[in-house]
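A.B. asks: Here you go, protein19.cif (mmCIF, C-alpha atoms):
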data_query
#
loop_
_atom_site.group_PDB
_atom_site.id
_atom_site.type_symbol
_atom_site.label_atom_id
_atom_site.label_comp_id
_atom_site.auth_asym_id
_atom_site.auth_seq_id
_atom_site.Cartn_x
_atom_site.Cartn_y
_atom_site.Cartn_z
ATOM 1 C CA MET K 1 149.454 143.895 138.281
ATOM 2 C CA ALA K 2 152.378 142.891 136.108
ATOM 3 C CA MET K 3 152.527 139.592 137.900
ATOM 4 C CA GLY K 4 148.800 138.929 137.081
ATOM 5 C CA TRP K 5 149.264 139.562 133.359
ATOM 6 C CA ALA K 6 152.285 137.314 133.337
ATOM 7 C CA VAL K 7 150.185 134.462 134.709
ATOM 8 C CA VAL K 8 147.480 135.008 132.135
ATOM 9 C CA LEU K 9 149.890 135.157 129.230
ATOM 10 C CA ARG K 10 151.784 132.122 130.458
ATOM 11 C CA GLY K 11 148.524 130.084 130.276
ATOM 12 C CA PHE K 12 147.059 131.701 127.159
ATOM 13 C CA LEU K 13 150.044 131.776 124.787
ATOM 14 C CA PRO K 14 150.682 127.993 124.767
ATOM 15 C CA LEU K 15 147.000 127.450 124.107
ATOM 16 C CA CYS K 16 147.064 129.845 121.157
ATOM 17 C CA LEU K 17 150.182 128.204 119.755
ATOM 18 C CA ARG K 18 148.551 124.765 119.898
ATOM 19 C CA ARG K 19 145.436 126.102 118.141
ATOM 20 C CA LEU K 20 147.500 127.794 115.427
ATOM 21 C CA ALA K 21 149.442 124.619 114.809
ATOM 22 C CA ARG K 22 146.210 122.643 114.452
ATOM 23 C CA LEU K 23 144.755 125.232 112.090
ATOM 24 C CA ALA K 24 147.855 125.107 109.930
ATOM 25 C CA ALA K 25 147.682 121.320 109.750
ATOM 26 C CA ASN K 26 144.012 121.339 108.761
ATOM 27 C CA ASN K 27 144.545 124.034 106.133
ATOM 28 C CA TYR K 28 147.350 121.956 104.711
ATOM 29 C CA MET K 29 144.940 119.012 104.359
ATOM 30 C CA GLY K 30 142.456 121.161 102.458
ATOM 31 C CA ALA K 31 139.790 121.202 105.132
ATOM 32 C CA ARG K 32 137.335 124.021 105.764
ATOM 33 C CA ILE K 33 137.188 125.502 109.267
ATOM 34 C CA ARG K 34 133.961 125.876 111.158
ATOM 35 C CA PRO K 35 133.952 127.770 114.478
ATOM 36 C CA VAL K 36 132.103 125.774 117.119
ATOM 37 C CA ARG K 37 131.679 126.687 120.742
ATOM 38 C CA THR K 38 132.572 123.729 122.899
ATOM 39 C CA ASP K 39 130.242 124.809 125.724
ATOM 40 C CA LEU K 40 127.212 126.972 125.104
ATOM 41 C CA THR K 41 125.954 126.949 128.683
ATOM 42 C CA VAL K 42 129.065 128.107 130.528
ATOM 43 C CA SER K 43 130.559 131.536 129.871
ATOM 44 C CA CYS K 44 134.176 131.268 128.785
ATOM 45 C CA ARG K 45 136.551 134.186 128.611
ATOM 46 C CA TYR K 46 138.600 132.563 125.876
ATOM 47 C CA PRO K 47 136.263 130.715 123.456
ATOM 48 C CA LEU K 48 137.689 127.535 122.067
ATOM 49 C CA TRP K 49 137.429 126.736 118.350
ATOM 50 C CA THR K 50 137.541 123.400 116.644
ATOM 51 C CA THR K 51 137.760 122.284 113.022
ATOM 52 C CA HIS K 52 135.801 119.709 111.008
ATOM 53 C CA PRO K 53 137.153 118.387 107.682
ATOM 54 C CA VAL K 54 134.451 118.520 105.012
ATOM 55 C CA ARG K 55 134.361 116.419 101.836
ATOM 56 C CA THR K 56 134.322 118.436 98.665
ATOM 57 C CA LEU K 57 131.206 117.722 96.560
ATOM 58 C CA HIS K 58 131.900 117.605 92.827
ATOM 59 C CA LEU K 59 128.951 118.045 90.458
ATOM 60 C CA CYS K 60 129.114 116.740 86.934
ATOM 61 C CA SER K 61 126.674 115.685 84.244
ATOM 62 C CA ASN K 62 127.343 111.994 84.856
ATOM 63 C CA LEU K 63 126.277 112.183 88.507
ATOM 64 C CA CYS K 64 123.227 114.472 88.212
ATOM 65 C CA ALA K 65 120.774 111.745 87.181
ATOM 66 C CA GLY K 66 118.084 112.313 89.785
ATOM 67 C CA HIS K 67 115.823 114.101 87.321
ATOM 68 C CA ASN K 68 115.790 111.012 85.084
ATOM 69 C CA LYS K 69 114.576 108.860 87.950
ATOM 70 C CA TRP K 70 111.843 111.327 88.833
ATOM 71 C CA SER K 71 110.800 111.512 85.192
ATOM 72 C CA LYS K 72 110.278 107.742 85.176
ATOM 73 C CA VAL K 73 108.317 107.881 88.416
ATOM 74 C CA LYS K 74 106.157 110.717 87.106
ATOM 75 C CA ASN K 75 105.515 109.170 83.698
ATOM 76 C CA ILE K 76 105.018 105.569 84.836
ATOM 77 C CA LYS K 77 103.967 105.440 88.477
ATOM 78 C CA GLY K 78 101.722 108.519 88.273
ATOM 79 C CA PRO K 79 99.414 107.240 85.523
ATOM 80 C CA LYS K 80 99.358 103.777 87.077
ATOM 81 C CA ASP K 81 98.359 105.218 90.430
ATOM 82 C CA ALA K 82 95.648 107.309 88.772
ATOM 83 C CA ALA K 83 94.315 104.286 86.887
ATOM 84 C CA ARG K 84 94.406 102.239 90.083
ATOM 85 C CA SER K 85 92.414 104.907 91.902
ATOM 86 C CA ARG K 86 89.807 105.003 89.118
ATOM 87 C CA MET K 87 89.601 101.209 89.118
ATOM 88 C CA PHE K 88 88.914 101.132 92.863
ATOM 89 C CA MET K 89 86.267 103.810 92.407
ATOM 90 C CA LYS K 90 84.566 101.702 89.724
ATOM 91 C CA PHE K 91 84.638 98.686 92.015
ATOM 92 C CA GLY K 92 82.925 100.799 94.662
ATOM 93 C CA MET K 93 80.164 101.587 92.176
ATOM 94 C CA MET K 94 79.863 97.924 91.235
ATOM 95 C CA ILE K 95 79.503 97.062 94.916
ATOM 96 C CA ARG K 96 76.645 99.572 95.198
ATOM 97 C CA ILE K 97 74.893 97.980 92.245
ATOM 98 C CA ALA K 98 75.434 94.451 93.572
ATOM 99 C CA VAL K 99 74.020 95.387 96.987
ATOM 100 C CA LYS K 100 71.033 97.049 95.316
ATOM 101 C CA GLU K 101 70.314 94.119 92.987
ATOM 102 C CA GLY K 102 71.035 91.357 95.507
ATOM 103 C CA GLY K 103 69.193 93.021 98.383
ATOM 104 C CA SER K 104 71.911 92.155 100.895
ATOM 105 C CA SER K 105 75.266 93.545 101.976
ATOM 106 C CA ASN K 106 76.456 90.087 103.060
ATOM 107 C CA PRO K 107 78.459 88.351 100.300
ATOM 108 C CA GLU K 108 77.423 84.975 101.696
ATOM 109 C CA PHE K 109 73.800 85.689 100.766
ATOM 110 C CA ASN K 110 74.462 87.847 97.687
ATOM 111 C CA LEU K 111 76.219 86.015 94.850
ATOM 112 C CA ALA K 112 76.609 89.151 92.720
ATOM 113 C CA LEU K 113 78.280 90.969 95.615
ATOM 114 C CA ALA K 114 80.514 87.967 96.320
ATOM 115 C CA ASN K 115 81.701 87.996 92.697
ATOM 116 C CA VAL K 116 82.471 91.728 92.809
ATOM 117 C CA VAL K 117 84.329 91.399 96.111
ATOM 118 C CA GLU K 118 86.404 88.626 94.608
ATOM 119 C CA GLN K 119 87.268 90.831 91.641
ATOM 120 C CA CYS K 120 88.332 93.547 94.078
ATOM 121 C CA ARG K 121 90.640 91.141 95.853
ATOM 122 C CA GLY K 122 92.034 89.946 92.535
ATOM 123 C CA LYS K 123 93.056 93.546 91.791
ATOM 124 C CA ASN K 124 94.620 93.953 95.255
ATOM 125 C CA MET K 125 92.013 96.388 96.509
ATOM 126 C CA PRO K 126 92.632 96.817 100.263
ATOM 127 C CA LYS K 127 90.274 94.924 102.549
ATOM 128 C CA VAL K 128 89.511 98.125 104.448
ATOM 129 C CA SER K 129 88.428 99.816 101.218
ATOM 130 C CA ILE K 130 86.177 96.889 100.277
ATOM 131 C CA GLU K 131 84.476 96.895 103.675
ATOM 132 C CA ALA K 132 84.069 100.674 103.549
ATOM 133 C CA ALA K 133 82.477 100.422 100.096
ATOM 134 C CA ILE K 134 79.994 97.797 101.316
ATOM 135 C CA LYS K 135 79.040 99.902 104.345
ATOM 136 C CA GLY K 136 78.776 102.960 102.134
ATOM 137 C CA ALA K 137 76.481 101.093 99.758
ATOM 138 C CA GLU K 138 74.049 100.487 102.616
ATOM 139 C CA LYS K 139 73.885 104.156 103.576
ATOM 140 C CA SER K 140 74.275 105.866 100.192
ATOM 141 C CA LYS K 141 71.486 106.906 97.903
ATOM 142 C CA ALA K 142 70.364 104.122 95.650
ATOM 143 C CA GLY K 143 71.049 106.048 92.441
ATOM 144 C CA THR K 144 69.824 104.936 89.039
ATOM 145 C CA GLN K 145 71.527 102.382 86.856
ATOM 146 C CA HIS K 146 71.268 102.622 83.071
ATOM 147 C CA THR K 147 72.833 100.627 80.251
ATOM 148 C CA TYR K 148 73.187 102.775 77.131
ATOM 149 C CA GLU K 149 73.701 101.470 73.610
ATOM 150 C CA ALA K 150 76.100 103.231 71.247
ATOM 151 C CA ARG K 151 77.830 102.816 67.912
ATOM 152 C CA GLY K 152 81.440 103.947 67.673
ATOM 153 C CA PRO K 153 84.195 104.378 65.057
ATOM 154 C CA GLY K 154 84.135 101.811 62.295
ATOM 155 C CA GLY K 155 80.651 100.662 63.298
ATOM 156 C CA CYS K 156 81.784 99.004 66.528
ATOM 157 C CA MET K 157 79.070 98.512 69.130
ATOM 158 C CA LEU K 158 79.238 99.509 72.784
ATOM 159 C CA LEU K 159 77.207 98.870 75.894
ATOM 160 C CA ILE K 160 77.813 101.532 78.547
ATOM 161 C CA ASP K 161 76.741 100.794 82.108
ATOM 162 C CA MET K 162 76.206 103.951 84.195
ATOM 163 C CA LEU K 163 75.228 104.669 87.794
ATOM 164 C CA THR K 164 74.079 108.206 88.541
ATOM 165 C CA ASP K 165 71.913 110.337 90.791
ATOM 166 C CA ASN K 166 71.181 112.806 87.976
ATOM 167 C CA ASN K 167 69.918 111.092 84.843
ATOM 168 C CA THR K 168 69.591 114.269 82.761
ATOM 169 C CA ARG K 169 73.126 115.444 83.433
ATOM 170 C CA SER K 170 74.674 112.023 82.838
ATOM 171 C CA HIS K 171 72.736 111.531 79.614
ATOM 172 C CA GLN K 172 73.856 114.893 78.226
ATOM 173 C CA ASP K 173 77.469 114.321 79.269
ATOM 174 C CA LEU K 174 77.450 110.920 77.586
ATOM 175 C CA LYS K 175 76.020 112.306 74.319
ATOM 176 C CA HIS K 176 78.645 115.056 74.263
ATOM 177 C CA LEU K 177 81.498 112.623 74.912
ATOM 178 C CA LEU K 178 80.326 110.191 72.229
ATOM 179 C CA SER K 179 79.911 112.994 69.664
ATOM 180 C CA LYS K 180 83.406 114.276 70.436
ATOM 181 C CA HIS K 181 84.870 110.860 69.501
ATOM 182 C CA GLY K 182 82.765 110.216 66.401
ATOM 183 C CA ALA K 183 80.185 107.994 68.104
ATOM 184 C CA ALA K 184 76.488 108.255 68.935
ATOM 185 C CA LEU K 185 73.724 106.553 70.910
ATOM 186 C CA CYS K 186 72.039 103.848 68.875
ATOM 187 C CA ASP K 187 69.137 101.477 69.547
ATOM 188 C CA GLY K 188 69.368 97.756 68.861
ATOM 189 C CA VAL K 189 72.988 97.274 69.923
ATOM 190 C CA ARG K 190 72.065 95.079 72.885
ATOM 191 C CA HIS K 191 70.874 92.330 70.529
ATOM 192 C CA ASN K 192 74.509 91.748 69.551
ATOM 193 C CA PHE K 193 75.451 90.813 73.122
ATOM 194 C CA SER K 194 74.506 87.945 75.402
ATOM 195 C CA ARG K 195 74.654 87.866 79.189
ATOM 196 C CA LYS K 196 77.179 85.182 80.107
ATOM 197 C CA GLY K 197 79.200 83.901 83.000
ATOM 198 C CA VAL K 198 82.935 84.564 82.618
ATOM 199 C CA VAL K 199 85.634 82.846 84.668
ATOM 200 C CA VAL K 200 89.041 84.515 84.395
ATOM 201 C CA ALA K 201 92.113 82.364 85.011
ATOM 202 C CA GLN K 202 95.858 82.729 84.732
ATOM 203 C CA GLY K 203 97.116 81.649 81.332
ATOM 204 C CA GLN K 204 100.881 81.490 81.729
ATOM 205 C CA GLY K 205 102.239 78.266 80.289
ATOM 206 C CA VAL K 206 98.852 77.085 78.977
ATOM 207 C CA SER K 207 98.725 76.402 75.230
ATOM 208 C CA SER K 208 95.666 77.121 73.100
ATOM 209 C CA GLU K 209 95.019 73.405 72.693
ATOM 210 C CA ARG K 210 95.207 72.795 76.428
ATOM 211 C CA ALA K 211 92.953 75.776 77.131
ATOM 212 C CA LEU K 212 90.320 74.340 74.791
ATOM 213 C CA GLU K 213 90.570 70.940 76.487
ATOM 214 C CA LEU K 214 90.109 72.590 79.891
ATOM 215 C CA ALA K 215 87.032 74.466 78.637
ATOM 216 C CA ILE K 216 85.449 71.231 77.397
ATOM 217 C CA GLU K 217 86.242 69.319 80.593
ATOM 218 C CA ALA K 218 84.927 72.127 82.824
ATOM 219 C CA GLY K 219 81.703 72.544 80.831
ATOM 220 C CA ALA K 220 82.449 76.011 79.412
ATOM 221 C CA GLU K 221 81.056 77.107 76.057
ATOM 222 C CA ASP K 222 84.175 78.938 74.870
ATOM 223 C CA VAL K 223 87.604 80.134 75.975
ATOM 224 C CA GLN K 224 89.318 83.359 74.935
ATOM 225 C CA GLU K 225 92.901 84.473 75.366
ATOM 226 C CA THR K 226 93.539 87.984 76.644
ATOM 227 C CA GLU K 227 95.957 90.043 78.776
ATOM 228 C CA ASP K 228 95.680 92.165 81.876
ATOM 229 C CA GLU K 229 97.013 95.723 82.344
ATOM 230 C CA ASP K 230 100.471 94.300 83.125
ATOM 231 C CA ASP K 231 100.526 92.264 79.870
ATOM 232 C CA LYS K 232 100.167 88.989 81.754
ATOM 233 C CA SER K 233 98.378 86.191 79.909
ATOM 234 C CA LEU K 234 94.794 85.438 80.990
ATOM 235 C CA LEU K 235 92.134 82.961 79.908
ATOM 236 C CA GLN K 236 88.433 83.813 79.887
ATOM 237 C CA PHE K 237 86.152 80.784 80.108
ATOM 238 C CA VAL K 238 82.669 81.702 78.897
ATOM 239 C CA CYS K 239 79.662 79.752 80.124
ATOM 240 C CA ASP K 240 75.943 79.994 80.779
ATOM 241 C CA MET K 241 75.033 82.295 83.666
ATOM 242 C CA THR K 242 73.591 79.429 85.681
ATOM 243 C CA GLU K 243 76.782 77.365 85.260
ATOM 244 C CA LEU K 244 79.214 80.018 86.519
ATOM 245 C CA LYS K 245 79.944 78.510 89.930
ATOM 246 C CA LYS K 246 80.090 74.965 88.565
ATOM 247 C CA VAL K 247 82.555 75.858 85.791
ATOM 248 C CA ARG K 248 84.822 77.674 88.193
ATOM 249 C CA THR K 249 84.846 74.783 90.643
ATOM 250 C CA SER K 250 85.624 72.339 87.829
ATOM 251 C CA LEU K 251 88.526 74.460 86.578
ATOM 252 C CA GLU K 252 90.044 74.656 90.046
ATOM 253 C CA GLU K 253 89.717 70.873 90.420
ATOM 254 C CA LEU K 254 91.640 70.559 87.130
ATOM 255 C CA GLY K 255 94.484 72.595 88.618
ATOM 256 C CA VAL K 256 93.645 75.926 87.007
ATOM 257 C CA ARG K 257 94.235 79.014 89.163
ATOM 258 C CA THR K 258 91.187 81.230 88.712
ATOM 259 C CA VAL K 259 91.275 84.987 89.257
ATOM 260 C CA SER K 260 87.589 85.968 89.227
ATOM 261 C CA ALA K 261 84.109 84.945 88.151
ATOM 262 C CA SER K 262 81.395 87.389 87.100
ATOM 263 C CA LEU K 263 78.471 88.032 84.785
ATOM 264 C CA GLU K 264 79.429 89.892 81.613
ATOM 265 C CA PHE K 265 77.996 91.021 78.288
ATOM 266 C CA VAL K 266 79.757 88.934 75.626
ATOM 267 C CA SER K 267 79.447 89.856 71.953
ATOM 268 C CA HIS K 268 78.450 87.186 69.476
ATOM 269 C CA THR K 269 79.006 89.452 66.438
ATOM 270 C CA PRO K 270 82.611 90.749 66.672
ATOM 271 C CA THR K 271 83.671 93.633 64.439
ATOM 272 C CA GLN K 272 87.145 93.829 62.947
ATOM 273 C CA LEU K 273 88.653 97.307 62.757
ATOM 274 C CA PRO K 274 91.686 98.553 60.812
ATOM 275 C CA GLN K 275 94.430 100.226 62.809
ATOM 276 C CA ALA K 276 93.256 103.844 62.464
ATOM 277 C CA GLN K 277 89.669 103.091 63.502
ATOM 278 C CA LEU K 278 90.896 100.730 66.207
ATOM 279 C CA GLU K 279 92.925 103.518 67.795
ATOM 280 C CA ALA K 280 89.937 105.887 67.610
ATOM 281 C CA ALA K 281 87.689 103.292 69.237
ATOM 282 C CA LEU K 282 90.183 102.593 72.012
ATOM 283 C CA SER K 283 90.488 106.338 72.640
ATOM 284 C CA LEU K 284 86.705 106.509 73.003
ATOM 285 C CA ILE K 285 86.608 103.580 75.431
ATOM 286 C CA GLU K 286 89.380 105.149 77.509
ATOM 287 C CA ALA K 287 87.468 108.440 77.683
ATOM 288 C CA LEU K 288 84.306 106.592 78.727
ATOM 289 C CA SER K 289 86.201 104.705 81.425
ATOM 290 C CA ASP K 290 87.458 108.016 82.826
ATOM 291 C CA CYS K 291 83.874 109.294 83.159
ATOM 292 C CA LEU K 292 82.854 109.279 86.824
ATOM 293 C CA ASP K 293 79.349 107.894 86.219
ATOM 294 C CA VAL K 294 80.458 105.042 83.931
ATOM 295 C CA VAL K 295 80.767 101.682 85.677
ATOM 296 C CA ARG K 296 81.613 99.344 82.799
ATOM 297 C CA VAL K 297 82.013 99.442 79.019
ATOM 298 C CA TRP K 298 81.537 96.365 76.844
ATOM 299 C CA ASP K 299 82.437 96.268 73.159
ATOM 300 C CA ASN K 300 82.549 93.897 70.187
ATOM 301 C CA ILE K 301 85.896 95.123 68.851
ATOM 302 C CA GLN K 302 88.304 92.692 67.259
ATOM 303 C CA ALA K 303 91.684 93.827 65.967
ATOM 304 C CA HIS K 304 92.139 93.556 62.203
ATOM 305 C CA ASP K 305 94.566 90.765 61.232
#
In structure tokens, write the structure found in this file.
C.D. replies:
Amino acid sequence: MAMGWAVVLRGFLPLCLRRLARLAANNYMGARIRPVRTDLTVSCRYPLWTTHPVRTLHLCSNLCAGHNKWSKVKNIKGPKDAARSRMFMKFGMMIRIAVKEGGSSNPEFNLALANVVEQCRGKNMPKVSIEAAIKGAEKSKAGTQHTYEARGPGGCMLLIDMLTDNNTRSHQDLKHLLSKHGAALCDGVRHNFSRKGVVVAQGQGVSSERALELAIEAGAEDVQETEDEDDKSLLQFVCDMTELKKVRTSLEELGVRTVSASLEFVSHTPTQLPQAQLEAALSLIEALSDCLDVVRVWDNIQAHD
């Protein structure tokens, strides 16, 4: 019996001494010790332990900046994503209207639908979403399209294009929204707008003089400078509805990169607004754009110089 214990101790004590020496070395280096079984499937009378050095994590105000990054994502990307989603939804409604008016779901035989599809592509709407919207337009209820006339802050005039399956509800919601922003429905506003063809083109590096020359050479009636939602310069070439395709083709032959071509309501009696009324009017237009039944909003607002 004594001989058996001697054998065990002779094999166990050196092992313990080696482990203690390793533990002392690791503690000296400032490492934390984690017990880990080297073999979990085989029963071992004397479990072995190993150590893993762990880096110490120091927290300080200079390094904890993750919340700032999230704040930027939340305050910038969130609203942009929401606006992008609303924009795609509006394009879906415009596709429904184009299919209804053109009588065909094939853009090759429906010019209005072709123009809307091109606008969708210009705004990077996914191809799958465009195709789904066209198929949905064939199967969905026709709905009713209305263009309402309204007068807003400072006497500005608005045309509000709506698509709805409940005229009474949409009409009441629109009246309530307009009243909330100091506006009201008003007859006779449409006479201040003309239906025109509008070709939108990139305007970077194009001077006002050159833009006017391009409009004359392409056969457009007017050209207007504007910006997109990313503050990029755009040019809007206004022409007669029947000349839309011709003007666009001419501009492209002149080296102009066009973005879209569509039929729009263009005001021929612009209204200048001071800053306070301009902000109120823009707030109204933003609220109208957020309304689910509203497809488009046209206005005659011109910023006060």
A.B. asks: Between K:Asp293, K:Asp231, K:Asp299, K:Glu213, single out the one closest to Thr144 in chain K, counting all atoms listed in the file.
C.D. replies: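 Nearest candidate to Thr144 in chain K out of K:Asp293, K:Asp231, K:Asp299, K:Glu213: K:Asp293.
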A.B. asks: If the PyMOL selection byres ((chain K and resi 271) around 9) is run on the structure shown, which residues does it catch, given as a list of chain:residue names?
C.D. replies: K:Gly154, K:Gly155, K:Cys156, K:Met157, K:Thr269, K:Pro270, K:Gln272, K:Leu273, K:Asn300, K:Ile301, K:Gln302, K:Ala303, K:His304
A.B. asks: Once the PyMOL selection byres ((chain K and resi 133) around 12) is applied to the coordinates I shared, what remains selected? I want it as a PyMOL selection string.
C.D. replies: chain K and resi 88-99+105+113+116-117+120+125-132+134-140
A.B. asks: Identify, on the basis of all atoms listed in the file, every residue whose closest approach to Thr242 in chain K does not exceed 12 Å; exclude the query and any residue fewer than 5 positions from it along the same chain; express the result as a tab-separated table (two decimals) with C-alpha atoms, in the frame of the given file.
C.D. replies:
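Saved result, around09.tsv, follows:
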chain	number	residue	atom	x	y	z
K	111	LEU	CA	76.22	86.02	94.85
K	195	ARG	CA	74.65	87.87	79.19
K	196	LYS	CA	77.18	85.18	80.11
K	197	GLY	CA	79.20	83.90	83.00
K	198	VAL	CA	82.94	84.56	82.62
K	219	GLY	CA	81.70	72.54	80.83
K	220	ALA	CA	82.45	76.01	79.41
K	247	VAL	CA	82.56	75.86	85.79
K	248	ARG	CA	84.82	77.67	88.19
K	262	SER	CA	81.40	87.39	87.10
K	263	LEU	CA	78.47	88.03	84.78
A.B. asks: Go through K:Arg257, K:Asn110, K:Gln145, K:Gln204 and flag the residue nearest Lys232 in chain K, using only C-alpha atoms for the distances.
C.D. replies: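 Closest candidate: K:Gln204.
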A.B. asks: I want to know what sits within 9 Å of Leu158 in chain K, based on all atoms listed in the file, with residues of the same chain fewer than 3 positions away left out; could you give that as number ranges by chain?
C.D. replies: K: 148-152, 189-190, 285, 297-301
A.B. asks: Restricting the output to C-alpha atoms, write the selected residues as a short mmCIF file (atom, residue, chain, number, x, y, z; two decimals), in the frame of the given file.
C.D. replies:
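The resulting out.cif:
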data_model
loop_
_atom_site.label_atom_id
_atom_site.label_comp_id
_atom_site.auth_asym_id
_atom_site.auth_seq_id
_atom_site.Cartn_x
_atom_site.Cartn_y
_atom_site.Cartn_z
CA TYR K 148 73.19 102.78 77.13
CA GLU K 149 73.70 101.47 73.61
CA ALA K 150 76.10 103.23 71.25
CA ARG K 151 77.83 102.82 67.91
CA GLY K 152 81.44 103.95 67.67
CA VAL K 189 72.99 97.27 69.92
CA ARG K 190 72.06 95.08 72.89
CA ILE K 285 86.61 103.58 75.43
CA VAL K 297 82.01 99.44 79.02
CA TRP K 298 81.54 96.36 76.84
CA ASP K 299 82.44 96.27 73.16
CA ASN K 300 82.55 93.90 70.19
CA ILE K 301 85.90 95.12 68.85
#
A.B. asks: Using only C-alpha atoms for the distances, tell me which of K:Leu159, K:Leu278, K:Met87, K:Leu174 is nearest to Asp187 in chain K.
C.D. replies: K:Leu159
A.B. asks: Between CA of Val238 in chain K and CA of Val259 in chain K, what is the distance, to one decimal in Å?
C.D. replies: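 CA of Val238 in chain K sits 13.9 Å away from CA of Val259 in chain K.
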A.B. asks: For CA of Pro274 in chain K and CA of Ser233 in chain K, quote the distance in Å rounded to one decimal.
C.D. replies: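 Interatomic distance here is 23.7 Å.
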A.B. asks: Report, in Å with one decimal, the straight-line distance from CA of Cys291 in chain K to CA of Gln277 in chain K.
C.D. replies: 21.4 Å
A.B. asks: With distances taken over all atoms listed in the file, which residue among K:Glu101, K:Asp165, K:Glu253, K:Asp173 lies nearest Leu288 in chain K?
C.D. replies: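 Of K:Glu101, K:Asp165, K:Glu253, K:Asp173, the one nearest Leu288 in chain K, counting all atoms listed in the file, is K:Asp173.
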A.B. asks: Could you write out as JSON the box around range 99-117 of chain K (axis-aligned, all atoms listed in the file, 4 Å on each side), with centre and edge lengths in Å to one decimal?
C.D. replies:
{"center_x": 76.8, "center_y": 91.0, "center_z": 97.9, "size_x": 23.1, "size_y": 20.1, "size_z": 18.4}
A.B. asks: Ranking K:Glu279, K:Glu209, K:Asp290, K:Glu243 by minimum distance to Pro153 in chain K and counting all atoms listed in the file, which one comes first?
C.D. replies: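 Closest to Pro153 in chain K of all the choices is K:Glu279.
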A.B. asks: Using the chain letters and numbering of this document, enumerate as a PyMOL selection string the residues selected by the PyMOL selection byres ((chain K and resi 294) around 7).
C.D. replies: chain K and resi 160-163+288-289+291-293+295-296
A.B. asks: Could the residues in this selection be saved with C-alpha atoms as a tab-separated table (two decimals), keeping the file's coordinate frame?
C.D. replies:
chain	number	residue	atom	x	y	z
K	160	ILE	CA	77.81	101.53	78.55
K	161	ASP	CA	76.74	100.79	82.11
K	162	MET	CA	76.21	103.95	84.20
K	163	LEU	CA	75.23	104.67	87.79
K	288	LEU	CA	84.31	106.59	78.73
K	289	SER	CA	86.20	104.70	81.42
K	291	CYS	CA	83.87	109.29	83.16
K	292	LEU	CA	82.85	109.28	86.82
K	293	ASP	CA	79.35	107.89	86.22
K	295	VAL	CA	80.77	101.68	85.68
K	296	ARG	CA	81.61	99.34	82.80
